[in-house]
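Asks: My file is coords.txt. It has compact mmCIF, C-alpha atoms and all ligand atoms:
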```
# COMPACT_ATOMS: atom_id res chain seq x y z
CA MET A 1 65.68 122.27 97.31
CA THR A 2 68.39 120.11 98.79
CA THR A 3 71.81 120.82 100.25
CA ILE A 4 74.44 118.82 98.45
CA SER A 5 77.86 118.62 100.07
CA PHE A 6 81.04 117.77 98.24
CA ILE A 7 84.08 116.11 99.73
CA GLY A 8 86.40 116.90 96.85
CA SER A 9 85.63 119.85 94.59
CA GLY A 10 87.88 119.25 91.61
CA ARG A 11 86.88 118.40 88.06
CA ILE A 12 83.91 116.12 88.67
CA GLY A 13 82.90 117.72 91.99
CA GLY A 14 83.04 121.18 90.43
CA ALA A 15 81.00 120.12 87.39
CA LEU A 16 78.34 118.48 89.57
CA ALA A 17 78.22 121.53 91.85
CA ARG A 18 77.56 123.80 88.85
CA LEU A 19 74.68 121.59 87.71
CA ALA A 20 73.34 121.44 91.26
CA VAL A 21 73.34 125.23 91.68
CA ALA A 22 71.69 125.63 88.26
CA ALA A 23 69.00 123.20 89.43
CA GLY A 24 68.32 125.34 92.52
CA HIS A 25 70.17 123.29 95.14
CA ASP A 26 72.51 124.67 97.78
CA VAL A 27 76.05 123.30 97.70
CA VAL A 28 78.78 123.05 100.32
CA LEU A 29 82.23 122.48 98.85
CA SER A 30 85.34 121.12 100.53
CA ASN A 31 88.79 120.00 99.47
CA SER A 32 92.12 119.05 101.03
CA ARG A 33 93.46 122.62 101.21
CA GLY A 34 90.66 124.19 103.21
CA PRO A 35 87.76 126.60 102.57
CA GLN A 36 89.99 129.61 101.81
CA SER A 37 91.26 127.89 98.68
CA LEU A 38 87.67 127.55 97.41
CA ARG A 39 86.80 131.25 97.70
CA GLU A 40 86.94 131.97 93.96
CA THR A 41 85.00 128.83 93.06
CA VAL A 42 82.29 129.66 95.56
CA THR A 43 82.07 133.26 94.32
CA ARG A 44 81.66 132.01 90.75
CA LEU A 45 78.88 129.63 91.82
CA GLY A 46 76.95 132.41 93.57
CA SER A 47 74.96 132.74 96.76
CA ARG A 48 73.83 129.11 96.85
CA ALA A 49 77.44 127.94 97.33
CA HIS A 50 79.53 127.82 100.50
CA ALA A 51 82.95 126.42 101.38
CA ALA A 52 83.72 124.40 104.48
CA SER A 53 86.08 121.82 105.90
CA SER A 54 85.45 118.23 104.83
CA THR A 55 84.03 117.39 108.25
CA GLU A 56 81.67 120.38 108.19
CA ALA A 57 80.62 119.59 104.63
CA ALA A 58 79.93 115.97 105.55
CA ALA A 59 77.63 117.11 108.36
CA ALA A 60 75.88 119.81 106.32
CA GLY A 61 74.56 117.92 103.31
CA ASP A 62 71.22 116.20 102.82
CA LEU A 63 73.35 114.24 100.38
CA VAL A 64 77.13 114.06 100.33
CA VAL A 65 79.15 113.49 97.16
CA VAL A 66 82.55 111.93 97.80
CA THR A 67 84.69 112.75 94.81
CA VAL A 68 88.35 112.65 95.82
CA PRO A 69 91.20 110.72 94.21
CA ILE A 70 90.66 107.17 95.46
CA ARG A 71 94.08 107.07 97.13
CA ALA A 72 92.75 109.75 99.56
CA TYR A 73 89.74 107.70 100.66
CA ARG A 74 91.01 107.19 104.21
CA GLN A 75 90.75 110.95 104.82
CA VAL A 76 87.01 110.95 104.12
CA PRO A 77 85.49 111.57 107.58
CA VAL A 78 83.64 108.54 108.91
CA GLU A 79 81.73 109.83 111.93
CA PRO A 80 79.65 112.64 110.34
CA LEU A 81 78.67 110.31 107.48
CA ARG A 82 77.03 107.70 109.68
CA GLY A 83 73.46 107.16 108.47
CA ARG A 84 73.92 109.59 105.55
CA VAL A 85 73.33 109.10 101.84
CA VAL A 86 76.71 109.26 100.10
CA ILE A 87 77.30 109.38 96.35
CA ASP A 88 80.54 107.61 95.41
CA THR A 89 82.10 108.76 92.11
CA LEU A 90 85.44 107.04 92.74
CA ASN A 91 87.23 105.07 90.05
CA TYR A 92 90.43 103.10 90.44
CA ASP A 93 92.97 104.21 87.88
CA PRO A 94 96.34 103.23 89.37
CA ALA A 95 98.33 104.39 86.34
CA ARG A 96 97.13 107.97 86.71
CA GLN A 97 96.15 108.25 90.37
CA GLY A 98 98.52 105.87 92.16
CA THR A 99 97.86 102.56 93.83
CA VAL A 100 95.82 101.71 96.92
CA PRO A 101 97.53 98.89 98.86
CA GLU A 102 94.29 97.21 100.02
CA ILE A 103 93.05 97.03 96.43
CA GLU A 104 96.36 95.72 95.14
CA ALA A 105 96.37 93.09 97.90
CA GLY A 106 92.86 91.99 96.89
CA THR A 107 91.45 92.78 100.35
CA VAL A 108 88.63 94.89 98.91
CA PRO A 109 87.63 95.54 95.29
CA PRO A 110 87.76 99.18 94.18
CA HIS A 111 84.02 99.53 93.69
CA LEU A 112 83.36 98.55 97.34
CA LEU A 113 86.22 100.52 98.93
CA LEU A 114 84.26 103.61 100.02
CA GLN A 115 81.38 101.58 101.49
CA ALA A 116 83.94 99.49 103.40
CA HIS A 117 85.45 102.72 104.75
CA LEU A 118 81.98 104.10 105.62
CA PRO A 119 80.13 100.98 106.85
CA ASP A 120 77.31 103.01 108.40
CA ALA A 121 76.69 105.30 105.42
CA TYR A 122 74.29 104.52 102.58
CA VAL A 123 76.71 104.57 99.68
CA VAL A 124 75.35 104.85 96.15
CA LYS A 125 77.74 104.62 93.21
CA ALA A 126 76.83 107.26 90.63
CA PHE A 127 78.43 109.65 88.15
CA SER A 128 81.58 107.49 88.04
CA THR A 129 81.06 106.93 84.31
CA VAL A 130 80.70 110.50 83.06
CA PHE A 131 83.74 112.53 81.99
CA PHE A 132 83.46 115.85 83.83
CA ARG A 133 83.42 117.97 80.66
CA HIS A 134 80.53 115.89 79.34
CA LEU A 135 78.24 116.47 82.33
CA PRO A 136 76.94 119.90 81.21
CA GLN A 137 76.81 118.76 77.57
CA LEU A 138 74.56 115.80 78.38
CA ALA A 139 72.12 117.34 80.87
CA ARG A 140 68.56 117.57 79.48
CA GLN A 141 65.05 118.39 80.68
CA ALA A 142 63.00 115.40 81.85
CA GLY A 143 61.33 113.67 78.93
CA ALA A 144 63.82 114.81 76.27
CA PRO A 145 64.25 111.91 73.81
CA ASP A 146 68.03 112.12 74.00
CA ARG A 147 68.23 112.47 77.77
CA SER A 148 71.12 110.36 79.05
CA ALA A 149 70.90 107.80 81.79
CA VAL A 150 73.61 107.28 84.39
CA PRO A 151 74.11 103.95 86.11
CA VAL A 152 73.57 103.82 89.88
CA ALA A 153 74.20 100.97 92.29
CA GLY A 154 73.68 100.68 96.01
CA ASP A 155 72.42 98.38 98.73
CA HIS A 156 69.71 100.67 100.16
CA ALA A 157 66.55 101.29 98.14
CA ALA A 158 65.64 104.54 99.92
CA ALA A 159 69.13 105.95 99.41
CA LYS A 160 69.03 105.03 95.73
CA ALA A 161 65.64 106.74 95.39
CA THR A 162 67.06 109.91 96.99
CA VAL A 163 70.02 109.83 94.62
CA ALA A 164 67.77 109.13 91.62
CA ALA A 165 65.71 112.24 92.47
CA LEU A 166 68.90 114.31 92.60
CA ILE A 167 70.11 112.84 89.30
CA ASP A 168 66.76 113.70 87.70
CA SER A 169 67.00 117.27 88.94
CA LEU A 170 70.47 117.57 87.41
CA GLY A 171 69.23 116.53 83.95
CA PHE A 172 69.72 112.76 83.78
CA ASP A 173 67.76 109.54 84.23
CA ALA A 174 69.06 107.15 86.89
CA TYR A 175 69.49 103.58 85.67
CA ASP A 176 69.42 101.13 88.59
CA VAL A 177 72.07 98.44 88.11
CA GLY A 178 71.29 96.78 91.47
CA PRO A 179 73.33 96.37 94.64
CA LEU A 180 76.69 98.06 95.08
CA ALA A 181 78.51 94.83 94.21
CA GLU A 182 77.04 95.09 90.71
CA SER A 183 78.81 98.41 90.12
CA HIS A 184 81.80 96.45 88.78
CA ARG A 185 79.68 96.32 85.59
CA PHE A 186 80.32 100.03 85.03
CA ALA A 187 83.85 100.21 86.45
CA PRO A 188 86.82 101.48 84.41
CA GLY A 189 87.53 99.24 81.44
CA THR A 190 83.89 98.23 80.94
CA PRO A 191 81.78 99.23 77.90
CA ALA A 192 79.49 101.36 80.11
CA GLN A 193 82.43 103.64 80.99
CA LEU A 194 82.57 104.57 77.32
CA ALA A 195 78.82 105.14 76.99
CA TYR A 196 78.96 108.87 76.28
CA LEU A 197 82.09 108.96 74.14
CA ASP A 198 82.02 109.36 70.38
CA PRO A 199 82.65 106.11 68.41
CA ASP A 200 86.40 106.80 68.35
CA GLY A 201 86.46 107.04 72.12
CA MET A 202 87.74 110.62 72.10
CA PHE A 203 87.24 112.46 75.38
CA THR A 204 87.84 115.75 73.57
CA ALA A 205 84.92 115.21 71.17
CA PRO A 206 81.42 116.33 72.19
CA ALA A 207 79.59 113.87 74.39
CA ARG A 208 77.21 111.38 72.79
CA PRO A 209 73.94 110.93 74.70
CA ALA A 210 73.22 107.40 75.95
CA THR A 211 69.67 106.54 76.96
CA ALA A 212 68.65 103.88 79.47
CA ALA A 213 68.25 101.40 76.59
CA ASP A 214 71.76 102.19 75.30
CA LEU A 215 73.15 101.76 78.79
CA ALA A 216 71.32 98.47 79.36
CA ALA A 217 72.91 97.01 76.21
CA LEU A 218 76.39 98.07 77.37
CA LEU A 219 75.89 96.78 80.91
CA ASP A 220 74.65 93.44 79.56
CA ARG A 221 78.06 92.89 78.01
CA VAL A 222 79.55 92.42 81.49
CA THR A 223 78.67 89.52 83.75
CA ARG A 224 79.94 88.57 87.17
CA PRO A 225 83.73 88.17 87.33
N1 LIG B 1 87.48 113.64 86.13
C1 LIG B 1 86.46 112.93 85.69
O1 LIG B 1 85.93 113.21 84.59
C2 LIG B 1 85.89 111.81 86.53
C3 LIG B 1 84.75 111.15 86.06
C4 LIG B 1 84.18 110.15 86.83
C5 LIG B 1 84.74 109.79 88.04
N2 LIG B 1 85.87 110.42 88.48
C6 LIG B 1 86.43 110.02 89.79
O2 LIG B 1 86.02 111.02 90.70
C7 LIG B 1 87.07 111.27 91.65
C8 LIG B 1 87.49 112.71 91.56
O3 LIG B 1 88.04 112.94 90.28
P1 LIG B 1 88.43 114.39 89.75
O4 LIG B 1 88.88 114.22 88.38
O5 LIG B 1 87.34 115.36 90.08
O6 LIG B 1 89.69 114.71 90.69
P2 LIG B 1 90.42 116.10 90.88
O7 LIG B 1 90.08 117.06 89.81
O8 LIG B 1 91.86 115.78 91.12
O9 LIG B 1 89.79 116.67 92.24
C9 LIG B 1 89.97 115.98 93.45
C10 LIG B 1 89.37 116.83 94.55
O10 LIG B 1 89.50 116.06 95.76
C11 LIG B 1 90.08 116.92 96.75
N3 LIG B 1 90.76 116.13 97.74
C12 LIG B 1 91.90 115.42 97.61
N4 LIG B 1 92.20 114.84 98.79
C13 LIG B 1 91.23 115.22 99.66
C14 LIG B 1 91.00 114.98 101.03
N5 LIG B 1 91.84 114.20 101.74
N6 LIG B 1 89.92 115.54 101.62
C15 LIG B 1 89.06 116.32 100.90
N7 LIG B 1 89.24 116.59 99.60
C16 LIG B 1 90.32 116.05 99.00
C17 LIG B 1 90.99 117.83 95.97
O11 LIG B 1 91.30 118.95 96.76
P3 LIG B 1 92.71 119.70 96.63
O12 LIG B 1 92.77 120.20 95.23
O13 LIG B 1 92.63 120.77 97.67
O14 LIG B 1 93.76 118.65 96.93
C18 LIG B 1 90.09 118.14 94.78
O15 LIG B 1 89.15 119.13 95.13
C19 LIG B 1 88.18 110.29 91.32
O16 LIG B 1 88.06 109.16 92.15
C20 LIG B 1 87.93 109.92 89.87
O17 LIG B 1 88.39 108.61 89.58
C21 LIG B 1 86.45 111.42 87.75
```
Can you present the structure in this file as structure tokens?

Replies:
Amino acid sequence: MTTISFIGSGRIGGALARLAVAAGHDVVLSNSRGPQSLRETVTRLGSRAHAASSTEAAAAGDLVVVTVPIRAYRQVPVEPLRGRVVIDTLNYDPARQGTVPEIEAGTVPPHLLLQAHLPDAYVVKAFSTVFFRHLPQLARQAGAPDRSAVPVAGDHAAAKATVAALIDSLGFDAYDVGPLAESHRFAPGTPAQLAYLDPDGMFTAPARPATAADLAALLDRVTRP
């Protein structure tokens, strides 16, 4: 049993928290409006769930999932995340979520933004490719032939192993894409982002499982920029 904290408890954070509670983990949720606004969500999740401020959540988790709109990345607390394993779900979608000046200026690419903000955290990119409604549809017991793999990337082997164990407990295989810099291979606009969509690319259709082999073929279609 692990305590998973969430900085951001919206669509993807909420879906991951439900899977985590179902897997027997404790969760600590936070958002921008404060713990009071999460009362109903926490009640629905049951006794394993608690709400806190972002700073408290950051300090409480064995693992911390940062899952805010990317434009809010500067509000992610730095100090309590020093030396912590952080899962980064963030995608850069300026049309829908607004622009980030540093990214537009080319100072830092979107897939490295959170690690640049949290230089002393062990950031692992994961779950950035799964549409939130598809998460519960795709989760499977270990060994199921149609168990989906999710790509992970990070610069610290131990942190990636910790995240892979969490991913396994949530019903997925972790597929190691390499260092964080390689996560551009599953960024928005790449074939791997569409891995679990039906052939017409419809988000409203049921998710299509993608195994590690499926994912490898999609990732191979992207090389270094
Ligand atoms: N939606 C998906 O299927 C999906 C899939 C993969 C990756 N992603 C990525 O994951 C991230 C989250 O996406 P989402 O769709 O879950 O977003 P969302 O539904 O809009 O939820 C965002 C959450 O972040 C919180 N938040 C915003 N600013 C914050 C701050 N300064 N401090 C703490 N919490 C803050 C929001 O709290 P309030 O409501 O209180 O403001 C909300 O709980 C995005 O970067 C997105 O690109 C999304």

Asks: Would you mind reading off the distance between CA of Arg84 in chain A and CA of Asp120 in chain A, one decimal, in Å?

Replies: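 Computing the Euclidean distance for CA of Arg84 in chain A and CA of Asp120 in chain A yields 7.9 Å.
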
Asks: When distances are computed from all atoms listed in the file, which of A:Ala217, A:Leu170, A:Val222, A:Ala212 shows the smallest separation from His184 in chain A?

Replies: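 Among A:Ala217, A:Leu170, A:Val222, A:Ala212, it is A:Val222 that comes nearest to His184 in chain A.
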
Asks: Nearest residue to ligand LIG 1 (chain B) out of A:Val78, A:Ile12, A:Ala207, A:Val85, using only C-alpha atoms and all ligand atoms?

Replies: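 With only C-alpha atoms and all ligand atoms as the atom set, the closest residue is A:Ile12.
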
Asks: Please check which protein, DNA or RNA residues sit within 7 Å of ligand LIG 1 (chain B), counting all atoms listed in the file, and write them as a ChimeraX atom specification.

Replies: /A:7-13,30-34,54,67-70,72-73,75-76,89-93,127-133

Asks: CA of Ser47 in chain A and CA of Ala159 in chain A, how far apart in Å?

Replies: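 For CA of Ala159 in chain A relative to CA of Ser47 in chain A, the distance reads 27.5 Å.
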
Asks: As a PyMOL selection string, please: the residues near Asp146 in chain A (cut-off 12 Å, all atoms listed in the file, same-chain neighbours under 5 positions excluded).

Replies: chain A and resi 137-141+171-173+196+207-214

Asks: Have a look at CA of Pro145 in chain A and CA of Val65 in chain A and let me know their distance in Å, one decimal.

Replies: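 So the two atoms, CA of Pro145 in chain A and CA of Val65 in chain A, lie 27.7 Å apart.
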
Asks: Nearest to His117 in chain A: which of A:Glu104, A:Asp176, A:Asp62, A:Asp88 is it, counting all atoms listed in the file?

Replies: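 Selected residue with least distance to His117 in chain A: A:Asp88.
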
Asks: Let me make sure I understand: among A:Arg39, A:Arg18, A:Arg82, A:Lys125, which one has the smallest atom-to-atom distance to Ala187 in chain A if we use all atoms listed in the file?

Replies: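 Checking each candidate against Ala187 in chain A, we get A:Lys125 as the closest.
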
Asks: Quick one: of A:Val86, A:Leu112, A:Ala58, A:Leu166, who's nearest to Leu180 in chain A, counting all atoms listed in the file?

Replies: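 The answer is A:Leu112, which sits nearest to Leu180 in chain A.
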
Asks: I want to know what sits within 7 Å of Gly154 in chain A, based on all atoms listed in the file, with residues of the same chain fewer than 6 positions away left out; could you give that as a PyMOL selection string?

Replies: chain A and resi 123-125+160+178-180

Asks: Using only C-alpha atoms, find the one residue out of A:Ala181, A:Ala23, A:Leu29, A:Leu218 that sits nearest to Val108 in chain A.

Replies: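 When distances to Val108 in chain A are compared using only C-alpha atoms, the smallest one comes from A:Ala181.
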
Asks: Which residues are close to Val21 in chain A, i.e. within 9 Å by all atoms listed in the file, leaving aside same-chain residues fewer than 4 positions away? Reply as a VMD selection string.

Replies: chain A and resid 16 to 17 25 to 27 45 to 46 48 to 49

Asks: May I have the residues from that selection written out with C-alpha atoms, as an mmCIF file, keeping the file's coordinate frame?

Replies:
```
data_model
loop_
_atom_site.group_PDB
_atom_site.id
_atom_site.type_symbol
_atom_site.label_atom_id
_atom_site.label_comp_id
_atom_site.auth_asym_id
_atom_site.auth_seq_id
_atom_site.Cartn_x
_atom_site.Cartn_y
_atom_site.Cartn_z
ATOM 1 C CA LEU A 16 78.340 118.480 89.570
ATOM 2 C CA ALA A 17 78.220 121.530 91.850
ATOM 3 C CA HIS A 25 70.170 123.290 95.140
ATOM 4 C CA ASP A 26 72.510 124.670 97.780
ATOM 5 C CA VAL A 27 76.050 123.300 97.700
ATOM 6 C CA LEU A 45 78.880 129.630 91.820
ATOM 7 C CA GLY A 46 76.950 132.410 93.570
ATOM 8 C CA ARG A 48 73.830 129.110 96.850
ATOM 9 C CA ALA A 49 77.440 127.940 97.330
#
```

Asks: Pull range 147-165 of chain A out of the block and emit N, CA, C and O atoms, as a tab-separated table (two decimals), in the first residue's frame.

Replies:
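For reference, decode.tsv as written:
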```tsv
chain	number	residue	atom	x	y	z
A	147	ARG	N	-3.81	-6.71	-21.93
A	147	ARG	CA	-3.45	-5.65	-20.99
A	147	ARG	C	-2.68	-4.55	-21.75
A	147	ARG	O	-1.78	-4.85	-22.54
A	148	SER	N	-3.05	-3.32	-21.52
A	148	SER	CA	-2.39	-2.22	-22.23
A	148	SER	C	-1.11	-1.81	-21.54
A	148	SER	O	-0.96	-1.94	-20.32
A	149	ALA	N	-0.20	-1.30	-22.35
A	149	ALA	CA	1.04	-0.73	-21.82
A	149	ALA	C	0.95	0.79	-21.92
A	149	ALA	O	0.33	1.32	-22.85
A	150	VAL	N	1.55	1.47	-20.96
A	150	VAL	CA	1.64	2.93	-21.05
A	150	VAL	C	3.12	3.32	-21.10
A	150	VAL	O	3.94	2.75	-20.38
A	151	PRO	N	3.44	4.28	-21.97
A	151	PRO	CA	4.84	4.69	-22.06
A	151	PRO	C	5.27	5.50	-20.84
A	151	PRO	O	4.50	6.33	-20.36
A	152	VAL	N	6.48	5.23	-20.36
A	152	VAL	CA	7.06	6.03	-19.28
A	152	VAL	C	8.45	6.48	-19.70
A	152	VAL	O	9.13	5.78	-20.44
A	153	ALA	N	8.85	7.64	-19.24
A	153	ALA	CA	10.19	8.14	-19.52
A	153	ALA	C	10.67	8.93	-18.33
A	153	ALA	O	9.89	9.65	-17.69
A	154	GLY	N	11.94	8.79	-18.01
A	154	GLY	CA	12.50	9.52	-16.88
A	154	GLY	C	14.00	9.26	-16.80
A	154	GLY	O	14.49	8.29	-17.40
A	155	ASP	N	14.68	10.12	-16.05
A	155	ASP	CA	16.14	10.05	-16.01
A	155	ASP	C	16.67	9.24	-14.84
A	155	ASP	O	17.88	9.07	-14.72
A	156	HIS	N	15.79	8.74	-13.98
A	156	HIS	CA	16.23	8.05	-12.76
A	156	HIS	C	15.63	6.65	-12.74
A	156	HIS	O	14.40	6.50	-12.64
A	157	ALA	N	16.50	5.65	-12.81
A	157	ALA	CA	16.03	4.26	-12.92
A	157	ALA	C	15.16	3.87	-11.72
A	157	ALA	O	14.11	3.23	-11.89
A	158	ALA	N	15.59	4.25	-10.52
A	158	ALA	CA	14.83	3.84	-9.32
A	158	ALA	C	13.44	4.48	-9.34
A	158	ALA	O	12.44	3.83	-8.98
A	159	ALA	N	13.37	5.73	-9.75
A	159	ALA	CA	12.07	6.41	-9.80
A	159	ALA	C	11.17	5.73	-10.83
A	159	ALA	O	9.97	5.52	-10.60
A	160	LYS	N	11.77	5.37	-11.97
A	160	LYS	CA	10.95	4.70	-12.99
A	160	LYS	C	10.45	3.35	-12.49
A	160	LYS	O	9.32	2.95	-12.78
A	161	ALA	N	11.29	2.65	-11.73
A	161	ALA	CA	10.86	1.35	-11.19
A	161	ALA	C	9.70	1.55	-10.21
A	161	ALA	O	8.74	0.76	-10.20
A	162	THR	N	9.77	2.58	-9.39
A	162	THR	CA	8.68	2.87	-8.44
A	162	THR	C	7.40	3.17	-9.20
A	162	THR	O	6.32	2.68	-8.86
A	163	VAL	N	7.52	3.97	-10.25
A	163	VAL	CA	6.33	4.32	-11.05
A	163	VAL	C	5.80	3.10	-11.79
A	163	VAL	O	4.59	2.88	-11.88
A	164	ALA	N	6.71	2.26	-12.29
A	164	ALA	CA	6.27	1.05	-13.00
A	164	ALA	C	5.48	0.14	-12.06
A	164	ALA	O	4.47	-0.46	-12.46
A	165	ALA	N	5.91	0.05	-10.80
A	165	ALA	CA	5.18	-0.79	-9.83
A	165	ALA	C	3.78	-0.21	-9.60
A	165	ALA	O	2.79	-0.96	-9.52
```
